[in-house]
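Asks: run09.csv is reproduced below (CSV, N, CA, C and O atoms).
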```
chain,number,residue,atom,x,y,z
N,104,MET,N,-56.5,43.8,5.7
N,104,MET,CA,-56.3,42.6,6.5
N,104,MET,C,-56.5,41.3,5.7
N,104,MET,O,-55.8,40.3,5.8
N,105,LYS,N,-57.5,41.4,4.8
N,105,LYS,CA,-57.8,40.3,3.9
N,105,LYS,C,-56.6,40.0,3.0
N,105,LYS,O,-56.3,38.9,2.6
N,106,SER,N,-56.0,41.1,2.6
N,106,SER,CA,-54.8,41.0,1.6
N,106,SER,C,-53.7,40.3,2.3
N,106,SER,O,-53.0,39.5,1.7
N,107,VAL,N,-53.5,40.6,3.6
N,107,VAL,CA,-52.4,39.9,4.4
N,107,VAL,C,-52.7,38.4,4.5
N,107,VAL,O,-51.8,37.6,4.3
N,108,ALA,N,-54.0,38.1,4.8
N,108,ALA,CA,-54.4,36.7,4.9
N,108,ALA,C,-54.2,36.0,3.5
N,108,ALA,O,-53.8,34.8,3.5
N,109,ALA,N,-54.6,36.7,2.4
N,109,ALA,CA,-54.4,36.1,1.1
N,109,ALA,C,-53.0,35.8,0.8
N,109,ALA,O,-52.6,34.8,0.2
N,110,LEU,N,-52.1,36.8,1.1
N,110,LEU,CA,-50.7,36.6,0.9
N,110,LEU,C,-50.1,35.5,1.7
N,110,LEU,O,-49.3,34.7,1.2
N,111,GLY,N,-50.5,35.4,3.0
N,111,GLY,CA,-50.1,34.3,3.8
N,111,GLY,C,-50.5,32.9,3.3
N,111,GLY,O,-49.7,32.0,3.3
N,112,ALA,N,-51.8,32.9,2.9
N,112,ALA,CA,-52.2,31.6,2.3
N,112,ALA,C,-51.5,31.2,1.1
N,112,ALA,O,-51.1,30.0,0.9
N,113,GLY,N,-51.2,32.2,0.2
N,113,GLY,CA,-50.4,31.9,-1.0
N,113,GLY,C,-49.0,31.4,-0.7
N,113,GLY,O,-48.5,30.5,-1.3
N,114,MET,N,-48.4,32.0,0.3
N,114,MET,CA,-47.1,31.6,0.7
N,114,MET,C,-47.1,30.2,1.3
N,114,MET,O,-46.2,29.4,1.0
N,115,VAL,N,-48.1,29.9,2.0
N,115,VAL,CA,-48.2,28.5,2.6
N,115,VAL,C,-48.4,27.5,1.5
N,115,VAL,O,-47.7,26.4,1.4
N,116,ILE,N,-49.3,27.8,0.5
N,116,ILE,CA,-49.5,26.9,-0.6
N,116,ILE,C,-48.2,26.8,-1.4
N,116,ILE,O,-47.8,25.6,-1.8
N,117,ALA,N,-47.5,27.9,-1.6
N,117,ALA,CA,-46.2,27.8,-2.4
N,117,ALA,C,-45.2,26.9,-1.6
N,117,ALA,O,-44.4,26.2,-2.3
N,118,ALA,N,-45.1,27.1,-0.3
N,118,ALA,CA,-44.1,26.3,0.5
N,118,ALA,C,-44.5,24.8,0.4
N,118,ALA,O,-43.6,24.0,0.3
N,119,VAL,N,-45.8,24.5,0.6
N,119,VAL,CA,-46.2,23.1,0.5
N,119,VAL,C,-45.9,22.5,-0.9
N,119,VAL,O,-45.4,21.4,-1.0
N,120,ALA,N,-46.1,23.3,-1.9
N,120,ALA,CA,-45.9,22.8,-3.3
N,120,ALA,C,-44.4,22.6,-3.5
N,120,ALA,O,-43.9,21.6,-4.1
N,121,THR,N,-43.6,23.5,-3.0
N,121,THR,CA,-42.1,23.4,-3.1
N,121,THR,C,-41.6,22.1,-2.4
N,121,THR,O,-40.8,21.4,-2.9
N,122,LEU,N,-42.1,21.9,-1.2
N,122,LEU,CA,-41.7,20.7,-0.5
N,122,LEU,C,-42.2,19.4,-1.2
N,122,LEU,O,-41.5,18.4,-1.2
N,123,TRP,N,-43.4,19.5,-1.7
N,123,TRP,CA,-43.9,18.3,-2.4
N,123,TRP,C,-43.1,17.9,-3.6
N,123,TRP,O,-42.8,16.8,-3.8
N,124,PHE,N,-42.7,18.9,-4.4
N,124,PHE,CA,-41.9,18.6,-5.6
N,124,PHE,C,-40.5,18.4,-5.3
N,124,PHE,O,-39.8,17.7,-6.1
N,125,ALA,N,-40.0,19.0,-4.2
N,125,ALA,CA,-38.6,18.8,-3.9
N,125,ALA,C,-38.3,17.4,-3.3
N,125,ALA,O,-37.2,16.8,-3.5
N,126,THR,N,-39.3,16.8,-2.7
N,126,THR,CA,-39.1,15.5,-2.1
N,126,THR,C,-39.4,14.4,-3.1
N,126,THR,O,-39.3,13.2,-2.8
N,127,GLY,N,-39.9,14.7,-4.3
N,127,GLY,CA,-40.2,13.7,-5.3
N,127,GLY,C,-41.5,13.0,-4.9
N,127,GLY,O,-41.5,12.0,-4.2
N,128,PRO,N,-42.6,13.5,-5.3
N,128,PRO,CA,-43.9,12.9,-5.0
N,128,PRO,C,-44.0,11.4,-5.6
N,128,PRO,O,-43.4,11.2,-6.6
N,129,VAL,N,-44.6,10.6,-4.9
N,129,VAL,CA,-44.8,9.2,-5.3
N,129,VAL,C,-45.9,9.2,-6.4
N,129,VAL,O,-47.1,9.5,-6.0
N,130,VAL,N,-45.6,8.9,-7.6
N,130,VAL,CA,-46.5,8.9,-8.6
N,130,VAL,C,-46.7,7.4,-9.1
N,130,VAL,O,-45.7,6.8,-9.4
N,131,VAL,N,-47.9,6.9,-9.1
N,131,VAL,CA,-48.1,5.6,-9.6
N,131,VAL,C,-48.2,5.6,-11.1
N,131,VAL,O,-49.0,6.2,-11.7
N,132,THR,N,-47.3,4.8,-11.7
N,132,THR,CA,-47.3,4.8,-13.2
N,132,THR,C,-47.7,3.4,-13.6
N,132,THR,O,-47.0,2.4,-13.3
N,133,PRO,N,-48.8,3.2,-14.1
N,133,PRO,CA,-49.3,1.9,-14.6
N,133,PRO,C,-48.5,1.4,-15.8
N,133,PRO,O,-48.0,2.2,-16.6
N,134,LYS,N,-48.3,0.1,-15.8
N,134,LYS,CA,-47.6,-0.4,-17.0
N,134,LYS,C,-48.4,-0.3,-18.2
N,134,LYS,O,-49.6,-0.8,-18.2
N,135,VAL,N,-47.9,0.2,-19.2
N,135,VAL,CA,-48.6,0.4,-20.5
N,135,VAL,C,-48.3,-0.9,-21.3
N,135,VAL,O,-47.2,-1.2,-21.7
N,136,ARG,N,-49.4,-1.6,-21.7
N,136,ARG,CA,-49.3,-2.8,-22.5
N,136,ARG,C,-50.2,-2.6,-23.7
N,136,ARG,O,-51.2,-1.9,-23.6
N,137,PRO,N,-49.8,-3.2,-24.8
N,137,PRO,CA,-50.7,-3.1,-26.0
N,137,PRO,C,-52.0,-3.9,-25.7
N,137,PRO,O,-52.1,-4.8,-24.9
N,138,LEU,N,-53.1,-3.4,-26.3
N,138,LEU,CA,-54.4,-4.1,-26.1
N,138,LEU,C,-54.4,-5.5,-26.6
N,138,LEU,O,-53.9,-5.7,-27.7
N,139,GLN,N,-55.0,-6.4,-25.8
N,139,GLN,CA,-55.1,-7.8,-26.2
N,139,GLN,C,-56.5,-8.2,-26.2
N,139,GLN,O,-57.3,-7.6,-25.5
N,140,VAL,N,-56.9,-9.1,-27.1
N,140,VAL,CA,-58.3,-9.6,-27.2
N,140,VAL,C,-58.6,-10.4,-26.0
N,140,VAL,O,-57.8,-11.4,-25.7
N,141,ASN,N,-59.6,-10.1,-25.3
N,141,ASN,CA,-60.1,-10.9,-24.2
N,141,ASN,C,-61.2,-11.8,-24.6
N,141,ASN,O,-62.2,-11.4,-25.1
N,142,PRO,N,-61.0,-13.1,-24.5
N,142,PRO,CA,-62.0,-14.1,-25.0
N,142,PRO,C,-63.2,-14.1,-24.2
N,142,PRO,O,-64.3,-14.5,-24.6
N,143,ASN,N,-63.2,-13.5,-23.0
N,143,ASN,CA,-64.4,-13.5,-22.1
N,143,ASN,C,-65.3,-12.3,-22.4
N,143,ASN,O,-66.4,-12.2,-21.9
N,144,MET,N,-64.8,-11.3,-23.2
N,144,MET,CA,-65.6,-10.2,-23.5
N,144,MET,C,-66.6,-10.5,-24.6
N,144,MET,O,-66.3,-11.0,-25.6
N,145,PRO,N,-67.9,-10.1,-24.3
N,145,PRO,CA,-68.9,-10.4,-25.3
N,145,PRO,C,-68.7,-9.5,-26.5
N,145,PRO,O,-68.3,-8.3,-26.4
N,146,ALA,N,-68.9,-10.0,-27.7
N,146,ALA,CA,-68.7,-9.3,-28.9
N,146,ALA,C,-69.8,-9.6,-29.9
N,146,ALA,O,-70.5,-10.7,-29.8
N,147,PHE,N,-70.1,-8.8,-30.8
N,147,PHE,CA,-71.1,-9.0,-31.8
N,147,PHE,C,-70.5,-10.0,-32.9
N,147,PHE,O,-69.5,-9.7,-33.4
N,148,LYS,N,-71.2,-11.1,-33.1
N,148,LYS,CA,-70.8,-12.0,-34.0
N,148,LYS,C,-71.8,-12.1,-35.2
N,148,LYS,O,-73.0,-11.9,-35.0
N,149,PRO,N,-71.3,-12.2,-36.4
N,149,PRO,CA,-72.3,-12.2,-37.5
N,149,PRO,C,-73.2,-13.4,-37.5
N,149,PRO,O,-72.8,-14.5,-37.2
N,150,VAL,N,-74.5,-13.1,-37.7
N,150,VAL,CA,-75.5,-14.2,-37.6
N,150,VAL,C,-75.7,-14.6,-39.1
N,150,VAL,O,-76.0,-13.8,-39.9
N,151,PRO,N,-75.6,-15.9,-39.4
N,151,PRO,CA,-75.9,-16.3,-40.8
N,151,PRO,C,-77.3,-16.1,-41.1
N,151,PRO,O,-78.2,-16.4,-40.4
N,152,SER,N,-77.5,-15.5,-42.3
N,152,SER,CA,-78.9,-15.3,-42.8
N,152,SER,C,-79.2,-16.1,-44.0
N,152,SER,O,-78.2,-16.5,-44.7
N,153,PRO,N,-80.4,-16.4,-44.3
N,153,PRO,CA,-80.7,-17.2,-45.5
N,153,PRO,C,-80.3,-16.5,-46.8
N,153,PRO,O,-80.0,-17.1,-47.8
N,154,LEU,N,-80.2,-15.2,-46.8
N,154,LEU,CA,-79.9,-14.4,-48.0
N,154,LEU,C,-78.4,-14.6,-48.3
N,154,LEU,O,-78.0,-14.6,-49.5
N,155,GLN,N,-77.6,-14.8,-47.3
N,155,GLN,CA,-76.1,-15.0,-47.6
N,155,GLN,C,-75.9,-16.4,-48.1
N,155,GLN,O,-74.9,-16.7,-48.8
N,156,ALA,N,-76.7,-17.4,-47.8
N,156,ALA,CA,-76.5,-18.8,-48.2
N,156,ALA,C,-76.7,-18.9,-49.7
N,156,ALA,O,-76.2,-19.9,-50.3
N,157,GLU,N,-77.4,-18.0,-50.4
N,157,GLU,CA,-77.6,-18.2,-51.8
N,157,GLU,C,-76.5,-17.9,-52.7
N,157,GLU,O,-75.6,-17.1,-52.5
```
As a first step, turn the structure in this file into structure tokens.

Replies:
Amino acid sequence: MKSVAALGAGMVIAAVATLWFATGPVVVTPKVRPLQVNPNMPAFKPVPSPLQAE
């Protein structure tokens, strides 16, 4: 009896997957842009030291 239930569940999953891909699922594709420098992002800046001044 469990094998019949497992086969039935597999058939239902296969049917849903077939309908899902047959109707063309809506896939959100984000626009790919090259990375740009954000001036608001904190960054490490070199701190002048007295050793470099010499």

Asks: For a test of reading the model, state the distance in Å between atom O of N:Ala120 and atom C of N:Lys134, rounded to one decimal.

Replies: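 Atom-to-atom, atom O of N:Ala120 to atom C of N:Lys134, that is 26.4 Å.
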
Asks: In Å to one decimal, how far is atom N of N:Ser152 from atom CA of N:Val140?

Replies: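 Rounded to one decimal, the two atoms are 25.1 Å apart.
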
Asks: Kindly give the distance, in Å, that separates atom N of N:Lys105 and atom N of N:Thr121, rounded to a single decimal.

Replies: 24.0 Å
